[in-house]
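K.L.:
Once you've had a glance at the structure underneath, I'll fire off some questions.
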Amino acid sequence: MKAGAWLAAAVLGLGAATALAQSPGQGFYMGVSVGATDADEGNAVPLLITSGAFDGSSSGIKLFGGFAFSKNLAFEMAWVDLGEANYSGTFLGTPVMYGTLETSGLNMSVVGTVPLNPSFSLFGKVGLFAWDADMRDVTGSFGYWQTTYDVDISYGFGAAFHINRNVAVQAEWEQYEAIDSISLLSVGLVYRF
């Protein structure tokens with residue numbers, strides 16, 4: 001299923017959520033997180049290089065929003081940029097240079113939250129990641145580029161510190177399956193309406 005279809009389904013879900021009467025702990029929220037990404041070597045080997053070097057460390061950003069049905073359950077949608085991995089080496093004996101692999105996509109998750117006290121909570125999430133990966137390099141003396149896309153699973157966990165009723169700071173670790181695995185360790189700011 002393409003990202004546009006996922007987006008339409010998410011918008012319909014959020015529209016249905018607005019019809020619910022709000023009680024304490026319910027409502028819309030939005031936020032931004034930034035952090036470090038780490039892509040497994042399997043994102044490039046053996047698809048882009050059969051031997052050589054792969055650097056999966058980069059920086060990532062996530063813009064997200066959702067609707068909390070209660071203090072324990074929410075639906076969240078996020079646009080995630082997992083940064084740029086680099087690779088070089090050979091593909092079946094042909095030299096490969098200047099390789100880059102950029103991955104981003106739309107993530108939709110169900111989020112479960114356990115409030116430990118009024119200021120601190122733990123959460124976990126599981127969802128689907130509609131991703132695309134842009135690959136570029138020079139193989140032999142020719143330029144190579146390709147875009148691959150698919151939908152795979154995502155999951156993660158984290159903790160939030162609630163500064164007041166509307167604002168929280170959160171730290172989380174997430175795993176996105178895209179070609180292989182890419183993790184994002186981030187810190188973010190959340191605003192609840």
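Chain labels follow the order of the structure tokens: the first chain is A, the next B, and so on; residue numbering restarts at 1 in every chain, and ligands are counted from 1 in their shown order.
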Among segment 13-179 of chain A, which ones does DSSP assign to strand (DSSP E) (computed from the backbone)? Answer as a ChimeraX atom specification.

P.N.:
/A:27-39,51-55,57-68,73-91,94-117,120-139,142-162,167-178

K.L.:
Per DSSP on the backbone, what are the helix (DSSP H, G or I) residues of segment 13-150 of chain A, as a PyMOL selection string?

P.N.:
chain A and resi 13-18+41-43

K.L.:
Could those residues be written to a file, using N, CA and C atoms, as a PDB file, in the first residue's frame?

P.N.:
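Okay, result.pdb is ready:
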```pdb
ATOM      1  N   GLY A  13      -9.179   8.133  10.318  1.00  0.00           N
ATOM      2  CA  GLY A  13      -9.145   7.700  11.722  1.00  0.00           C
ATOM      3  C   GLY A  13      -9.129   8.871  12.679  1.00  0.00           C
ATOM      4  N   LEU A  14      -8.336   9.893  12.362  1.00  0.00           N
ATOM      5  CA  LEU A  14      -8.288  11.071  13.213  1.00  0.00           C
ATOM      6  C   LEU A  14      -9.603  11.843  13.156  1.00  0.00           C
ATOM      7  N   GLY A  15     -10.232  11.860  11.994  1.00  0.00           N
ATOM      8  CA  GLY A  15     -11.533  12.525  11.892  1.00  0.00           C
ATOM      9  C   GLY A  15     -12.568  11.846  12.759  1.00  0.00           C
ATOM     10  N   ALA A  16     -12.558  10.515  12.787  1.00  0.00           N
ATOM     11  CA  ALA A  16     -13.491   9.784  13.644  1.00  0.00           C
ATOM     12  C   ALA A  16     -13.203  10.051  15.106  1.00  0.00           C
ATOM     13  N   ALA A  17     -11.920  10.228  15.434  1.00  0.00           N
ATOM     14  CA  ALA A  17     -11.545  10.475  16.824  1.00  0.00           C
ATOM     15  C   ALA A  17     -12.089  11.802  17.332  1.00  0.00           C
ATOM     16  N   THR A  18     -12.213  12.796  16.458  1.00  0.00           N
ATOM     17  CA  THR A  18     -12.720  14.097  16.900  1.00  0.00           C
ATOM     18  C   THR A  18     -14.184  14.023  17.291  1.00  0.00           C
ATOM     19  N   GLU A  41      24.000  -2.829   8.598  1.00  0.00           N
ATOM     20  CA  GLU A  41      24.751  -3.039   7.355  1.00  0.00           C
ATOM     21  C   GLU A  41      23.895  -3.678   6.269  1.00  0.00           C
ATOM     22  N   GLY A  42      22.885  -4.447   6.680  1.00  0.00           N
ATOM     23  CA  GLY A  42      22.017  -5.126   5.720  1.00  0.00           C
ATOM     24  C   GLY A  42      21.223  -4.180   4.836  1.00  0.00           C
ATOM     25  N   ASN A  43      21.197  -2.881   5.151  1.00  0.00           N
ATOM     26  CA  ASN A  43      20.538  -1.919   4.278  1.00  0.00           C
ATOM     27  C   ASN A  43      21.295  -1.749   2.964  1.00  0.00           C
TER      28      ASN A  43
END
```

K.L.:
Can you pull out the residues contacting Phe69 of chain A? Cut-off 8 Å, using only C-alpha atoms, and skip same-chain residues under 5 positions away; I want them as a ChimeraX atom specification.

P.N.:
/A:17,25-27,74-75

K.L.:
Any chance you can output those residues with C-alpha atoms as an mmCIF file, in the first residue's frame?

P.N.:
```cif
data_model
loop_
_atom_site.group_PDB
_atom_site.id
_atom_site.type_symbol
_atom_site.label_atom_id
_atom_site.label_comp_id
_atom_site.auth_asym_id
_atom_site.auth_seq_id
_atom_site.Cartn_x
_atom_site.Cartn_y
_atom_site.Cartn_z
ATOM 1 C CA ALA A 17 -11.545 10.475 16.824
ATOM 2 C CA GLY A 25 -6.299 12.471 29.200
ATOM 3 C CA GLN A 26 -7.982 12.701 25.802
ATOM 4 C CA GLY A 27 -7.142 15.049 22.984
ATOM 5 C CA ALA A 74 -3.292 6.894 21.564
ATOM 6 C CA PHE A 75 -3.009 6.739 17.786
#
```

K.L.:
Between A:Ser104, A:Gly112, A:Ala159, A:Ser186, which has the minimum distance to Thr147 of chain A (counting only C-alpha atoms)?

P.N.:
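Of A:Ser104, A:Gly112, A:Ala159, A:Ser186, the one nearest Thr147 of chain A is A:Ser104, counting only C-alpha atoms.
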
K.L.:
Residues near Ile61 of chain A, anyone? I mean within 7 Å using only C-alpha atoms, not counting same-chain ones fewer than 5 positions away, as a list in words.

P.N.:
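Answer for this query is Ser33, Val34, Gly35, Val80, Asp81 and Leu82 of chain A.
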
K.L.:
For a test of reading the model, state the distance in Å between atom CA of Asp152 of chain A and atom CA of Asp132 of chain A, rounded to one decimal.

P.N.:
10.8 Å

K.L.:
For the atom pair atom CA of Asn117 of chain A and atom CA of His162 of chain A, what is the interatomic distance in Å to one decimal place?

P.N.:
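Between atom CA of Asn117 of chain A and atom CA of His162 of chain A the gap is 9.8 Å.
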
K.L.:
Using only C-alpha atoms, which residues sit within 6 Å of Lys125 of chain A once same-chain residues fewer than 5 positions away are excluded, as an MDAnalysis selection string?

P.N.:
chainID A and resid 110:111 155:156

K.L.:
Can you write just those residues out, C-alpha atoms, as a PDB file, in the first residue's frame?

P.N.:
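Output (out07.pdb):
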```pdb
ATOM      1  CA  VAL A 110      -0.716   2.623  18.404  1.00  0.00           C
ATOM      2  CA  VAL A 111       0.823   4.022  21.600  1.00  0.00           C
ATOM      3  CA  TYR A 155       8.144  -0.381  17.317  1.00  0.00           C
ATOM      4  CA  GLY A 156       9.665   1.508  20.219  1.00  0.00           C
TER       5      GLY A 156
END
```

K.L.:
Near Glu102 of chain A, within 6 Å and counting only C-alpha atoms, which residues show up once chain neighbours fewer than 4 positions away are dropped, as a PDB file with C-alpha atoms, in the first residue's frame?

P.N.:
```pdb
ATOM      1  CA  GLY A  83      19.166  10.410   7.741  1.00  0.00           C
ATOM      2  CA  GLU A  84      21.828   9.334   5.269  1.00  0.00           C
ATOM      3  CA  ALA A 133      14.899   4.712   0.339  1.00  0.00           C
ATOM      4  CA  ASP A 134      16.886   6.737  -2.202  1.00  0.00           C
TER       5      ASP A 134
END
```

K.L.:
Need the shell around Ala171 of chain A: protein/DNA/RNA residues with any atom at most 8 Å away, counting only C-alpha atoms. Skip same-chain ones fewer than 2 positions apart. Format as a list in words?

P.N.:
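My list of contacting residues is Gly158, Ala159, Ala160, Val169, Trp173, Leu185, Ser186, Val187 and Gly188 of chain A.
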
K.L.:
Nearest to Asn107 of chain A: which of A:Gly66, A:Gly56, A:Gly93, A:Gly124 is it, counting only C-alpha atoms?

P.N.:
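Answer, going by the shortest atom-to-atom distance: A:Gly66.
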
K.L.:
Please determine, counting only C-alpha atoms, which residue among A:Ser154, A:Gln146, A:Thr50, A:Ser121 has the shortest atom-to-atom distance to Thr94 of chain A.

P.N.:
A:Thr50

K.L.:
Quick one: distance from atom CA of Lys71 of chain A to atom CA of Arg192 of chain A in Å, one decimal?

P.N.:
12.0 Å

K.L.:
Could you check which of A:Tyr144, A:Phe67, A:Phe54, A:Phe157 is closest to Thr113 of chain A, using only C-alpha atoms?

P.N.:
A:Phe157

K.L.:
Under the rule that only C-alpha atoms are counted, which of A:Tyr87, A:Phe161, A:Tyr149, A:Tyr98 is the nearest residue to Phe120 of chain A?

P.N.:
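Residue with the minimum atom-to-atom distance to Phe120 of chain A: A:Phe161.
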
K.L.:
Taking into account only C-alpha atoms, which residue in the set A:Gly65, A:Gly89, A:Pro118, A:Pro46 is nearest to Gly31 of chain A?

P.N.:
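Looking only at the distances to Gly31 of chain A, the closest residue turns out to be A:Gly65.
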